[in-house]
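model31.cif follows; it contains mmCIF, C-alpha atoms.
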```
data_input
loop_
_atom_site.label_atom_id
_atom_site.label_comp_id
_atom_site.auth_asym_id
_atom_site.auth_seq_id
_atom_site.Cartn_x
_atom_site.Cartn_y
_atom_site.Cartn_z
CA MET A 72 -16.13 1.57 3.64
CA ARG A 73 -17.77 4.83 4.81
CA PHE A 74 -16.83 6.82 7.90
CA VAL A 75 -18.87 9.61 9.46
CA CYS A 76 -16.63 11.93 11.47
CA ALA A 77 -18.09 14.64 13.70
CA PRO A 78 -18.04 16.04 17.25
CA ALA A 79 -19.99 14.15 19.92
CA GLY A 80 -23.74 14.63 19.71
CA HIS A 81 -23.78 15.36 15.98
CA ASP A 82 -26.89 13.90 14.30
CA ALA A 83 -24.80 12.29 11.56
CA LEU A 84 -23.19 9.94 14.08
CA ALA A 85 -26.57 8.21 14.44
CA GLY A 86 -26.67 7.39 10.72
CA LYS A 87 -26.59 4.14 8.77
CA VAL A 88 -25.67 0.97 10.62
CA SER A 89 -23.11 0.22 7.88
CA ASP A 90 -21.25 3.50 8.57
CA ILE A 91 -18.41 3.72 11.07
CA GLY A 92 -18.88 6.73 13.33
CA VAL A 93 -15.78 8.60 14.51
CA VAL A 94 -16.18 11.08 17.37
CA LEU A 95 -13.86 14.02 16.77
CA TYR A 96 -12.34 15.82 19.77
CA GLY A 97 -13.94 13.41 22.22
CA GLN A 98 -14.42 9.80 23.22
CA SER A 99 -16.55 7.17 21.52
CA GLN A 100 -20.08 7.13 22.89
CA LYS A 101 -21.14 3.61 21.98
CA THR A 102 -19.88 0.23 20.83
CA GLY A 103 -18.55 0.28 17.29
CA GLN A 104 -17.62 3.96 17.26
CA GLY A 105 -14.12 5.30 16.82
CA ALA A 106 -12.63 8.50 18.19
CA ALA A 107 -9.86 10.95 17.41
CA GLY A 108 -8.50 14.18 18.83
CA GLY A 109 -9.91 14.20 22.36
CA ALA A 110 -6.54 15.06 23.88
CA VAL A 111 -5.95 17.73 21.22
CA PHE A 112 -9.07 19.65 22.23
CA ASP A 113 -8.13 19.43 25.92
CA GLN A 114 -4.63 20.77 25.26
CA ILE A 115 -5.86 23.72 23.20
CA ARG A 116 -8.49 24.62 25.81
CA ARG A 117 -6.01 24.31 28.69
CA ARG A 118 -3.64 26.74 27.00
CA LYS A 119 -6.48 29.22 26.30
CA LEU A 120 -5.76 29.28 22.58
CA ALA A 121 -8.26 30.37 19.94
CA PRO A 122 -7.25 28.97 16.51
CA ALA A 123 -8.88 30.15 13.29
CA PRO A 124 -12.13 28.34 12.30
CA LYS A 125 -10.67 26.97 9.06
CA ALA A 126 -7.63 25.71 10.98
CA TRP A 127 -10.05 23.68 13.11
CA ASP A 128 -11.63 22.42 9.89
CA LEU A 129 -8.27 21.37 8.47
CA LEU A 130 -7.50 19.48 11.67
CA SER A 131 -10.94 17.82 11.58
CA ILE A 132 -10.17 16.62 8.05
CA ALA A 133 -6.74 15.36 9.12
CA LEU A 134 -8.07 13.52 12.17
CA SER A 135 -10.81 11.89 10.08
CA VAL A 136 -8.30 10.77 7.46
CA VAL A 137 -5.90 9.33 10.04
CA ALA A 138 -8.73 7.44 11.78
CA ALA A 139 -9.90 5.89 8.50
CA ASP A 140 -6.35 5.20 7.32
CA GLY A 141 -5.68 3.16 10.44
CA ARG A 142 -8.88 1.15 10.12
CA VAL A 143 -9.08 0.00 6.48
CA GLU A 144 -6.74 -2.89 5.76
CA ARG A 145 -4.83 -2.74 2.51
CA LYS A 146 -4.65 -6.52 2.18
CA ALA A 147 -8.42 -6.62 1.74
CA SER A 148 -8.29 -4.46 -1.41
CA VAL A 149 -8.36 -5.86 -4.95
CA ASP A 150 -4.65 -5.24 -5.57
CA GLY A 151 -3.58 -5.77 -1.98
CA TRP A 152 -2.73 -2.09 -1.54
CA THR A 153 -5.06 0.57 -3.00
CA ARG A 154 -8.20 1.22 -0.94
CA ARG A 155 -11.42 3.13 -1.63
CA ILE A 156 -12.37 5.14 1.46
CA GLU A 157 -15.48 7.30 1.89
CA LEU A 158 -15.60 10.07 4.49
CA ALA A 159 -18.32 12.42 5.67
CA ILE A 160 -16.59 15.11 7.75
CA ALA A 161 -18.24 17.80 9.87
CA VAL A 162 -16.66 21.23 9.28
CA ASN A 163 -17.56 24.85 10.01
CA ASP A 164 -17.73 25.92 6.36
CA PRO A 165 -18.99 22.97 4.29
CA LYS A 166 -19.67 25.16 1.23
CA PHE A 167 -16.04 26.28 1.05
CA TRP A 168 -14.61 22.81 1.62
CA SER A 169 -16.99 21.28 -0.93
CA ARG A 170 -15.53 23.64 -3.52
CA GLN A 171 -12.07 22.35 -2.59
CA LYS A 172 -13.07 18.68 -2.58
CA GLU A 173 -11.12 17.72 -5.70
CA LEU A 174 -7.95 19.34 -4.37
CA VAL A 175 -8.33 17.62 -0.99
CA GLN A 176 -8.95 14.24 -2.62
CA SER A 177 -6.03 14.73 -5.02
CA ALA A 178 -3.63 15.57 -2.20
CA LEU A 179 -4.76 12.53 -0.23
CA ARG A 180 -4.49 10.29 -3.29
CA PHE A 181 -0.90 11.44 -3.80
CA LEU A 182 -0.07 11.03 -0.10
CA THR A 183 -1.56 7.59 0.55
CA THR A 184 -2.05 6.18 -3.00
CA ASP A 185 -5.70 5.44 -2.16
CA ILE A 186 -9.00 6.61 -3.69
CA TRP A 187 -10.74 9.04 -1.33
CA GLU A 188 -14.35 10.16 -1.65
CA ILE A 189 -15.15 13.01 0.75
CA GLU A 190 -18.37 14.75 1.68
CA PHE A 191 -18.35 17.84 3.91
CA ILE A 192 -21.27 18.40 6.29
CA ASP A 193 -22.12 21.19 8.72
CA GLY A 194 -21.54 21.17 12.48
CA GLY A 195 -17.74 21.14 12.78
CA MET A 196 -15.68 21.92 15.86
CA LEU A 197 -15.57 25.60 16.82
CA PRO A 198 -15.18 26.07 20.57
CA ALA A 199 -16.25 29.30 22.22
CA PRO A 200 -13.12 31.46 22.55
CA PRO A 201 -11.62 31.83 26.04
CA LYS A 202 -12.49 35.04 27.90
CA GLN A 203 -8.83 36.00 27.72
CA ALA A 204 -7.34 34.12 24.78
CA SER A 205 -3.58 33.68 24.77
CA THR A 206 -1.55 34.88 21.81
CA LEU A 207 1.95 33.58 21.29
CA PRO A 208 4.96 35.88 20.73
CA GLN A 209 7.03 33.48 18.60
CA GLU A 210 7.90 34.40 15.01
CA CYS A 211 7.27 31.08 13.30
CA VAL A 212 6.19 27.49 13.88
CA ALA A 213 8.46 24.44 13.49
CA LEU A 214 7.50 20.78 13.56
CA LEU A 215 9.59 18.82 16.06
CA SER A 216 9.19 15.08 15.69
CA GLY A 217 12.11 13.84 17.76
CA GLY A 218 13.88 12.92 14.54
CA LEU A 219 17.29 14.12 13.43
CA ASP A 220 16.11 16.41 10.62
CA SER A 221 13.59 18.32 12.72
CA LEU A 222 16.19 18.65 15.49
CA ILE A 223 18.64 20.24 13.05
CA GLY A 224 15.90 22.49 11.72
CA GLY A 225 15.07 23.69 15.22
CA LEU A 226 18.71 24.24 16.17
CA ASP A 227 19.30 26.28 13.01
CA LEU A 228 16.22 28.43 13.68
CA ALA A 229 17.30 29.04 17.26
CA ALA A 230 20.82 29.98 16.12
CA ALA A 231 19.29 32.46 13.68
CA THR A 232 17.21 33.88 16.57
CA ALA A 233 14.03 33.06 14.66
CA LYS A 234 12.19 32.17 17.92
CA PRO A 235 10.16 29.15 16.75
CA TYR A 236 7.06 27.78 18.43
CA LEU A 237 7.56 24.02 18.37
CA VAL A 238 4.80 21.53 17.66
CA SER A 239 5.10 17.77 18.17
CA GLN A 240 3.01 14.73 17.41
CA VAL A 241 3.53 12.51 20.44
CA SER A 242 4.50 8.97 19.60
CA ASN A 243 5.75 6.11 21.72
CA GLY A 244 9.45 6.40 22.42
CA ASP A 245 9.77 10.05 21.29
CA LYS A 246 8.04 12.18 23.92
CA LYS A 247 11.06 12.62 26.21
CA ASN A 248 13.33 13.44 23.26
CA GLN A 249 10.86 16.02 21.98
CA THR A 250 10.74 17.71 25.39
CA PHE A 251 14.52 17.70 25.76
CA PHE A 252 15.12 19.10 22.28
CA ALA A 253 12.40 21.74 22.74
CA LEU A 254 13.98 23.01 25.97
CA LYS A 255 17.23 23.56 24.09
CA ILE A 256 15.61 25.18 21.05
CA GLY A 257 12.82 27.36 22.40
CA GLY A 258 12.06 26.70 26.05
CA GLU A 259 9.25 24.90 27.84
CA GLN A 260 6.59 27.52 27.04
CA ALA A 261 7.29 27.35 23.31
CA HIS A 262 6.36 23.70 22.85
CA LEU A 263 3.00 22.07 22.12
CA GLN A 264 2.81 18.27 22.20
CA LEU A 265 -0.34 16.73 20.78
CA ASN A 266 -1.56 13.19 20.18
CA HIS A 267 -4.34 12.41 17.72
CA ASN A 268 -5.29 9.21 19.62
CA ALA A 269 -7.15 8.08 16.49
CA LYS A 270 -8.65 4.64 16.93
CA CYS A 271 -11.48 2.74 15.29
CA PRO A 272 -12.67 -0.68 16.44
CA GLY A 273 -11.80 -3.54 14.15
CA PRO A 274 -8.73 -4.53 12.13
CA ASN A 275 -5.69 -2.27 12.20
CA GLU A 276 -3.73 -1.10 9.13
CA ARG A 277 -0.13 -0.34 10.02
CA SER A 278 1.07 1.45 6.87
CA GLN A 279 -0.32 4.83 8.09
CA ARG A 280 0.63 6.94 5.08
CA SER A 281 -1.49 9.91 6.25
CA ARG A 282 0.37 10.73 9.45
CA SER A 283 2.07 13.86 8.12
CA LEU A 284 -1.29 15.50 7.35
CA VAL A 285 -2.28 15.62 11.00
CA PHE A 286 1.23 16.81 11.98
CA LEU A 287 1.05 19.68 9.49
CA ALA A 288 -2.52 20.47 10.58
CA TYR A 289 -1.24 20.87 14.15
CA GLY A 290 1.34 23.32 12.83
CA VAL A 291 -1.29 25.35 10.96
CA LEU A 292 -3.49 25.41 14.05
CA ALA A 293 -0.60 26.74 16.13
CA ALA A 294 0.39 29.29 13.49
CA THR A 295 -3.04 30.93 13.68
CA VAL A 296 -2.62 31.73 17.39
CA LEU A 297 0.67 33.59 16.98
CA ALA A 298 0.36 37.32 17.60
CA ARG A 299 1.87 38.14 14.22
CA TYR A 300 -0.71 35.99 12.43
CA GLN A 301 -3.51 37.82 14.17
CA THR A 302 -2.14 41.17 13.00
CA GLY A 303 -2.33 39.96 9.39
CA GLU A 304 1.24 38.75 8.83
CA THR A 305 2.11 35.48 7.13
CA VAL A 306 3.57 32.86 9.45
CA THR A 307 6.12 30.33 8.18
CA LEU A 308 5.57 26.71 9.17
CA TYR A 309 8.90 24.86 8.97
CA ALA A 310 8.77 21.16 8.15
CA SER A 311 12.40 20.03 7.98
CA GLU A 312 13.28 16.98 5.92
CA ASN A 313 16.37 16.10 3.88
CA GLY A 314 15.89 16.08 0.13
CA LEU A 315 16.41 12.36 -0.47
CA ILE A 316 13.73 11.32 2.04
CA ALA A 317 11.42 14.14 0.90
CA ILE A 318 11.52 12.86 -2.68
CA ASN A 319 11.84 9.25 -1.50
CA PRO A 320 12.22 7.69 -4.96
CA PRO A 321 11.08 4.05 -5.02
CA LEU A 322 14.70 2.86 -5.67
CA THR A 323 13.39 -0.41 -7.13
CA ALA A 324 10.07 -1.59 -8.58
CA ALA A 325 9.42 -3.58 -5.39
CA ARG A 326 9.31 -0.34 -3.36
CA LEU A 327 7.02 1.52 -5.74
CA GLY A 328 3.86 1.44 -3.63
CA ALA A 329 4.24 -0.02 -0.20
CA LEU A 330 7.49 1.45 1.02
CA SER A 331 7.98 4.82 -0.66
CA THR A 332 6.15 7.30 1.57
CA ARG A 333 5.39 10.85 0.45
CA THR A 334 4.95 12.60 3.78
CA MET A 335 7.10 15.63 2.83
CA HIS A 336 7.17 15.30 -0.95
CA PRO A 337 7.20 18.73 -2.67
CA VAL A 338 4.14 17.83 -4.77
CA TYR A 339 2.10 17.00 -1.67
CA LEU A 340 3.30 20.14 0.14
CA ALA A 341 2.44 22.27 -2.92
CA GLN A 342 -1.09 20.83 -2.97
CA LEU A 343 -1.50 21.51 0.73
CA GLN A 344 -0.21 25.06 0.27
CA LYS A 345 -2.82 25.65 -2.45
CA LEU A 346 -5.46 24.54 0.04
CA LEU A 347 -4.21 26.91 2.74
CA ASP A 348 -4.12 29.79 0.30
CA ALA A 349 -7.67 29.09 -0.86
CA ALA A 350 -8.81 28.99 2.78
CA GLY A 351 -7.27 32.37 3.50
CA LEU A 352 -4.95 30.81 6.07
CA HIS A 353 -1.80 32.93 5.68
CA VAL A 354 0.60 30.17 6.66
CA LEU A 355 3.57 29.33 4.42
CA ILE A 356 4.86 25.74 4.55
CA GLU A 357 8.60 25.58 4.00
CA ASN A 358 11.12 22.77 3.94
CA PRO A 359 14.45 24.64 4.07
CA TYR A 360 16.41 21.40 3.52
CA ARG A 361 14.65 20.13 0.39
CA PHE A 362 17.91 20.53 -1.55
CA LYS A 363 20.20 19.18 1.20
CA THR A 364 21.25 15.62 1.97
CA LYS A 365 21.06 14.42 5.55
CA GLY A 366 24.85 14.39 5.73
CA GLU A 367 24.97 18.01 4.54
CA MET A 368 22.38 18.95 7.15
CA LEU A 369 24.56 17.45 9.88
CA ALA A 370 27.75 19.07 8.63
CA GLU A 371 26.19 22.51 8.21
CA CYS A 372 24.12 22.64 11.41
CA ALA A 373 24.74 25.86 13.33
CA ASP A 374 25.01 24.13 16.72
CA GLN A 375 27.69 21.50 16.24
CA ASP A 376 28.43 21.15 19.96
CA PHE A 377 24.87 20.11 20.84
CA LEU A 378 24.58 17.93 17.76
CA VAL A 379 27.80 16.01 18.40
CA LYS A 380 26.65 15.25 21.95
CA ASN A 381 22.99 14.48 21.25
CA ALA A 382 22.38 13.52 17.61
CA HIS A 383 22.41 9.83 18.50
CA THR A 384 19.41 10.29 20.83
CA SER A 385 17.14 11.35 17.93
CA THR A 386 14.87 8.85 16.18
CA SER A 387 14.95 7.89 12.50
CA CYS A 388 13.96 4.23 12.32
CA GLY A 389 10.88 3.16 10.38
CA ARG A 390 10.49 0.16 12.71
CA TYR A 391 11.43 1.80 15.99
CA GLY A 392 8.55 0.33 18.02
CA THR A 393 8.97 -3.12 16.49
CA PHE A 394 12.41 -3.48 18.07
CA GLY A 395 11.57 -2.17 21.54
CA TYR A 396 12.26 1.49 20.65
CA LYS A 397 15.66 0.75 19.19
CA HIS A 398 16.93 1.57 15.71
CA CYS A 399 16.93 -1.51 13.50
CA GLY A 400 19.88 -0.19 11.45
CA ARG A 401 18.73 -1.71 8.17
CA CYS A 402 15.49 0.02 7.05
CA LEU A 403 15.87 2.82 4.51
CA PRO A 404 15.53 5.66 7.07
CA CYS A 405 18.19 3.97 9.22
CA LEU A 406 20.46 3.51 6.21
CA ILE A 407 20.18 7.19 5.28
CA ARG A 408 20.79 8.16 8.91
CA ARG A 409 23.89 5.97 9.14
CA ALA A 410 25.16 7.24 5.80
CA SER A 411 24.74 10.82 7.02
CA PHE A 412 26.88 10.20 10.10
CA HIS A 413 29.48 8.58 7.84
CA ALA A 414 29.47 11.66 5.59
CA TRP A 415 29.58 14.01 8.60
CA GLY A 416 32.69 12.29 9.90
CA GLN A 417 31.45 12.09 13.49
CA LYS A 418 31.07 8.88 15.49
CA ASP A 419 27.57 7.46 15.33
CA LYS A 420 26.75 6.49 18.93
CA THR A 421 23.31 5.13 18.01
CA LYS A 422 22.75 1.51 19.07
CA TYR A 423 21.53 -0.54 16.09
CA VAL A 424 19.91 -3.98 16.32
CA TYR A 425 21.56 -4.95 13.02
CA ASP A 426 24.87 -3.15 13.19
CA LYS A 427 27.30 -4.91 10.82
CA LEU A 428 25.45 -4.97 7.51
CA GLY A 429 28.23 -6.70 5.57
CA LYS A 430 27.12 -10.13 6.83
CA SER A 431 25.86 -12.20 3.91
CA ASP A 432 22.48 -13.27 5.23
CA GLY A 433 18.84 -12.21 5.02
CA ASP A 434 19.04 -10.11 8.16
CA HIS A 435 21.92 -7.94 6.99
CA ALA A 436 23.28 -7.55 3.42
CA GLY A 437 20.39 -9.62 2.06
CA TYR A 438 17.66 -7.65 3.82
CA ASP A 439 15.13 -6.04 1.42
CA ASP A 440 15.97 -2.38 2.11
CA VAL A 441 19.70 -2.98 2.06
CA ARG A 442 19.44 -4.86 -1.24
CA SER A 443 17.15 -2.18 -2.69
CA ALA A 444 19.61 0.56 -1.80
CA SER A 445 22.51 -1.41 -3.30
CA MET A 446 20.58 -2.14 -6.48
CA ALA A 447 19.52 1.51 -6.86
CA ILE A 448 23.09 2.70 -6.48
CA ALA A 449 24.28 0.23 -9.11
CA GLU A 450 21.39 1.05 -11.45
CA ALA A 451 21.97 4.81 -11.19
CA LYS A 452 25.61 4.24 -12.02
CA SER A 453 24.93 2.01 -15.03
CA ASP A 454 21.66 3.40 -16.43
CA GLY A 455 21.54 6.95 -15.12
CA LEU A 456 19.69 8.66 -12.27
CA ASP A 457 16.34 8.70 -14.10
CA SER A 458 16.15 4.93 -13.78
CA VAL A 459 15.96 5.35 -9.99
CA ILE A 460 13.89 8.52 -9.74
CA GLY A 461 11.21 7.24 -12.09
CA ALA A 462 8.09 9.43 -12.02
CA SER A 463 8.88 10.96 -8.62
CA LEU A 464 9.60 14.39 -10.16
CA SER A 465 7.21 14.35 -13.10
CA SER A 466 4.53 16.68 -11.70
CA PRO A 467 4.26 20.25 -13.06
CA LEU A 468 4.08 21.35 -9.41
CA ILE A 469 7.80 20.52 -9.16
CA GLY A 470 8.94 23.11 -11.69
CA ASP A 471 12.55 22.66 -12.77
CA PRO A 472 13.57 19.31 -11.23
CA LYS A 473 17.33 19.88 -11.53
CA ASP A 474 17.97 20.76 -7.88
CA TYR A 475 15.88 17.80 -6.71
CA GLU A 476 17.74 15.46 -9.06
CA ASP A 477 21.05 16.78 -7.71
CA VAL A 478 20.10 16.14 -4.08
CA VAL A 479 18.95 12.60 -4.90
CA ARG A 480 22.29 11.99 -6.65
CA ARG A 481 24.28 13.29 -3.67
CA GLY A 482 22.11 11.33 -1.25
CA LEU A 483 22.76 8.12 -3.17
CA ASP A 484 26.47 8.94 -3.10
CA GLU A 485 26.31 9.14 0.71
CA LEU A 486 24.52 5.79 0.82
CA ALA A 487 27.07 4.24 -1.54
CA ALA A 488 30.01 5.37 0.58
CA PHE A 489 28.43 4.04 3.76
CA LEU A 490 27.46 0.65 2.30
CA ALA A 491 30.90 0.24 0.80
CA GLY A 492 32.42 0.91 4.21
CA GLN A 493 30.14 -1.78 5.65
CA GLY A 494 31.29 -4.26 3.05
CA VAL A 495 27.90 -4.49 1.37
CA LYS A 496 28.31 -5.39 -2.30
#
```

Please render this file's structure as structure tokens.
Amino acid sequence: MRFVCAPAGHDALAGKVSDIGVVLYGQSQKTGQGAAGGAVFDQIRRRKLAPAPKAWDLLSIALSVVAADGRVERKASVDGWTRRIELAIAVNDPKFWSRQKELVQSALRFLTTDIWEIEFIDGGMLPAPPKQASTLPQECVALLSGGLDSLIGGLDLAAATAKPYLVSQVSNGDKKNQTFFALKIGGEQAHLQLNHNAKCPGPNERSQRSRSLVFLAYGVLAATVLARYQTGETVTLYASENGLIAINPPLTAARLGALSTRTMHPVYLAQLQKLLDAAGLHVLIENPYRFKTKGEMLAECADQDFLVKNAHTSTSCGRYGTFGYKHCGRCLPCLIRRASFHAWGQKDKTKYVYDKLGKSDGDHAGYDDVRSASMAIAEAKSDGLDSVIGASLSSPLIGDPKDYEDVVRRGLDELAAFLAGQGVK
């Protein structure tokens, strides 16, 4: 399936009937077209910001990928999972991006486990700069999802007086939390909430493995409007994620493809960093918690008072919307969250749909993720940690994997202690 992604009025959008046109930074103009990023453009213009041209290009790529990712159903592929997706994306510098095509496709392949074929064409988004463009005084950029890890990351930055500019991807059920956390961390004027609003007509694919690309692209866009960036300094973009979830080993063979996301995996982040460096975008992506478990993040957070009172209001669940914006309590992100509270030693005031996991039925102890976690813990104990990690740390981009192996081991220990306390065998 081929998608042509470009701003409204671009000649390429009137191409082959078999192509799916995606209007970037606007609304669909005719039946059968998709759209992405209209609200993003409006927000940037309203704030009188002037991001770097290649930051616009990176966001155009991310929006195109997210739109296609949400449209092509995995169940229609030969193996029921891996898709072949073709994209033609309008950018400002097609010659540069064409030279980086293999790196872009490789990063996307690692992130989504699909085969991507990308063509870069001219005519990308580059708005005329405002007459008096705003520059931001903050020292760094931090992604703020509404989740527990990004909350801790923001609180730690604020405690260190790092003055972060906070960037959020708006999602149902999280917007109020993002606003509340941002007021505590950096103040109302230091928070940018964006929504990609990517939608193509036709079937919907819910796996959405590409979502972190657009989130990181927002962060890069924001980094290029900081005053320090515009004086030639490198700006750090903080993407906070505990080490176990960042590595996200498959745990069992059943989780190998469908359930083990790679949104903050160090290999993916290293590939993206190579792309930023090649583009001359002096933005450094950093996950300061890549060698910390979630429980360690909670215990070591610099603002314990705020965390004790408000940690339960953050979002971790992989099926949050499915259960009416409540934590299910049994998916892997929920299990790691619950294990982290257990390790922290503070009461977990989160309301879980499936609270007592020791019940011997398919909704509790017998649920897929709960069983997978239990099996991984037992397998690591009997056959060694490598049996669980598999190929997750095999890339040369990892370097010495020892610290990553250690954090996976400690993360599994937290899970084991929690499940044992729940009576899960």

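Proximity ranking of A:Gln493, A:Gln171, A:Ser278, A:Thr334 relative to Gly400 (chain A) places A:Gln493 first, based on all atoms listed in the file.
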
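For the pair CA of Ser453 (chain A) and CA of Gly482 (chain A), the separation is 16.9 Å.
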
Find the nearest atom pair between each residue of region 274-389 of chain A and region 206-219 of chain A for residues within 10 Å, count all atoms listed in the file, give distances in Å to one decimal, sort rows by chain and ascending number, and present the table as a Markdown table.
```
| residue | atom | partner | partner_atom | distance |
| --- | --- | --- | --- | --- |
| A:Phe286 | CA | A:Leu214 | CA | 7.6 |
| A:Leu287 | CA | A:Leu214 | CA | 7.7 |
| A:Tyr289 | CA | A:Leu214 | CA | 8.8 |
| A:Gly290 | CA | A:Val212 | CA | 6.5 |
| A:Val291 | CA | A:Val212 | CA | 8.3 |
| A:Leu292 | CA | A:Val212 | CA | 9.9 |
| A:Ala293 | CA | A:Val212 | CA | 7.2 |
| A:Ala294 | CA | A:Val212 | CA | 6.1 |
| A:Thr295 | CA | A:Thr206 | CA | 9.2 |
| A:Val296 | CA | A:Thr206 | CA | 5.5 |
| A:Leu297 | CA | A:Leu207 | CA | 4.5 |
| A:Ala298 | CA | A:Thr206 | CA | 5.2 |
| A:Arg299 | CA | A:Glu210 | CA | 7.1 |
| A:Tyr300 | CA | A:Glu210 | CA | 9.1 |
| A:Gln301 | CA | A:Thr206 | CA | 8.4 |
| A:Thr305 | CA | A:Cys211 | CA | 9.2 |
| A:Val306 | CA | A:Cys211 | CA | 5.6 |
| A:Thr307 | CA | A:Cys211 | CA | 5.3 |
| A:Leu308 | CA | A:Val212 | CA | 4.8 |
| A:Tyr309 | CA | A:Ala213 | CA | 4.6 |
| A:Ala310 | CA | A:Leu214 | CA | 5.6 |
| A:Ser311 | CA | A:Leu214 | CA | 7.5 |
| A:Glu312 | CA | A:Leu219 | CA | 9.0 |
| A:Asn313 | CA | A:Leu219 | CA | 9.8 |
| A:Val354 | CA | A:Cys211 | CA | 9.5 |
| A:Leu355 | CA | A:Cys211 | CA | 9.8 |
| A:Ile356 | CA | A:Val212 | CA | 9.6 |
| A:Glu357 | CA | A:Ala213 | CA | 9.6 |
| A:Lys365 | CA | A:Leu219 | CA | 8.7 |
| A:Met368 | CA | A:Leu219 | CA | 9.4 |
| A:Leu369 | CA | A:Leu219 | CA | 8.7 |
| A:Leu378 | CA | A:Leu219 | CA | 9.3 |
| A:Asn381 | CA | A:Leu219 | CA | 9.7 |
| A:Ala382 | CA | A:Leu219 | CA | 6.6 |
| A:His383 | CA | A:Leu219 | CA | 8.4 |
| A:Thr384 | CA | A:Leu219 | CA | 8.6 |
| A:Ser385 | CA | A:Gly218 | CA | 5.0 |
| A:Thr386 | CA | A:Gly218 | CA | 4.5 |
| A:Ser387 | CA | A:Gly218 | CA | 5.5 |
| A:Cys388 | CA | A:Gly218 | CA | 9.0 |
```

Given the file shown, enumerate the residues that the PyMOL selection byres ((chain A and resi 140) around 10) captures and present them as an NGL selection string. :A and (134-139 or 141-145 or 154 or 156 or 183 or 185 or 269-271 or 275-282)

Answer key for the PyMOL selection byres ((chain A and resi 91) around 7), residues as number ranges by chain: A: 73-75, 89-90, 92-93, 104

Tell me which residues the PyMOL selection byres ((chain A and resi 333) around 9) grabs here, as a tab-separated table (two decimals) with C-alpha atoms, in the coordinates of the input.
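The resulting file, part_22.tsv, is shown below:
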```tsv
chain	number	residue	atom	x	y	z
A	181	PHE	CA	-0.90	11.44	-3.80
A	182	LEU	CA	-0.07	11.03	-0.10
A	183	THR	CA	-1.56	7.59	0.55
A	280	ARG	CA	0.63	6.94	5.08
A	283	SER	CA	2.07	13.86	8.12
A	316	ILE	CA	13.73	11.32	2.04
A	317	ALA	CA	11.42	14.14	0.90
A	318	ILE	CA	11.52	12.86	-2.68
A	319	ASN	CA	11.84	9.25	-1.50
A	331	SER	CA	7.98	4.82	-0.66
A	332	THR	CA	6.15	7.30	1.57
A	334	THR	CA	4.95	12.60	3.78
A	335	MET	CA	7.10	15.63	2.83
A	336	HIS	CA	7.17	15.30	-0.95
A	337	PRO	CA	7.20	18.73	-2.67
A	338	VAL	CA	4.14	17.83	-4.77
A	339	TYR	CA	2.10	17.00	-1.67
```

Start from the incomplete input, build N, CA and C atoms for region 143-154 of chain A, and deliver everything as an mmCIF file, in the coordinates of the input.
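Below you can see rebuild_23.cif, which holds the result:
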```
data_model
loop_
_atom_site.group_PDB
_atom_site.id
_atom_site.type_symbol
_atom_site.label_atom_id
_atom_site.label_comp_id
_atom_site.auth_asym_id
_atom_site.auth_seq_id
_atom_site.Cartn_x
_atom_site.Cartn_y
_atom_site.Cartn_z
ATOM 1 N N VAL A 143 -8.814 0.766 7.705
ATOM 2 C CA VAL A 143 -9.080 0.000 6.480
ATOM 3 C C VAL A 143 -7.834 -0.758 6.056
ATOM 4 N N GLU A 144 -7.902 -2.060 6.099
ATOM 5 C CA GLU A 144 -6.740 -2.890 5.760
ATOM 6 C C GLU A 144 -6.463 -2.889 4.266
ATOM 7 N N ARG A 145 -5.219 -2.715 3.915
ATOM 8 C CA ARG A 145 -4.830 -2.740 2.510
ATOM 9 C C ARG A 145 -4.939 -4.155 1.922
ATOM 10 N N LYS A 146 -4.669 -5.149 2.715
ATOM 11 C CA LYS A 146 -4.650 -6.520 2.180
ATOM 12 C C LYS A 146 -6.027 -6.968 1.706
ATOM 13 N N ALA A 147 -7.070 -6.259 2.149
ATOM 14 C CA ALA A 147 -8.420 -6.620 1.740
ATOM 15 C C ALA A 147 -8.819 -5.997 0.397
ATOM 16 N N SER A 148 -7.975 -5.109 -0.145
ATOM 17 C CA SER A 148 -8.290 -4.460 -1.410
ATOM 18 C C SER A 148 -7.983 -5.380 -2.590
ATOM 19 N N VAL A 149 -8.491 -5.006 -3.762
ATOM 20 C CA VAL A 149 -8.360 -5.860 -4.950
ATOM 21 C C VAL A 149 -6.898 -6.124 -5.294
ATOM 22 N N ASP A 150 -6.057 -5.070 -5.220
ATOM 23 C CA ASP A 150 -4.650 -5.240 -5.570
ATOM 24 C C ASP A 150 -3.752 -5.435 -4.353
ATOM 25 N N GLY A 151 -4.365 -5.576 -3.192
ATOM 26 C CA GLY A 151 -3.580 -5.770 -1.980
ATOM 27 C C GLY A 151 -2.975 -4.507 -1.416
ATOM 28 N N TRP A 152 -3.307 -3.355 -2.024
ATOM 29 C CA TRP A 152 -2.730 -2.090 -1.540
ATOM 30 C C TRP A 152 -3.719 -0.928 -1.608
ATOM 31 N N THR A 153 -4.241 -0.626 -2.801
ATOM 32 C CA THR A 153 -5.060 0.570 -3.000
ATOM 33 C C THR A 153 -6.476 0.386 -2.445
ATOM 34 N N ARG A 154 -6.888 1.301 -1.571
ATOM 35 C CA ARG A 154 -8.200 1.220 -0.940
ATOM 36 C C ARG A 154 -9.125 2.320 -1.454
#
```
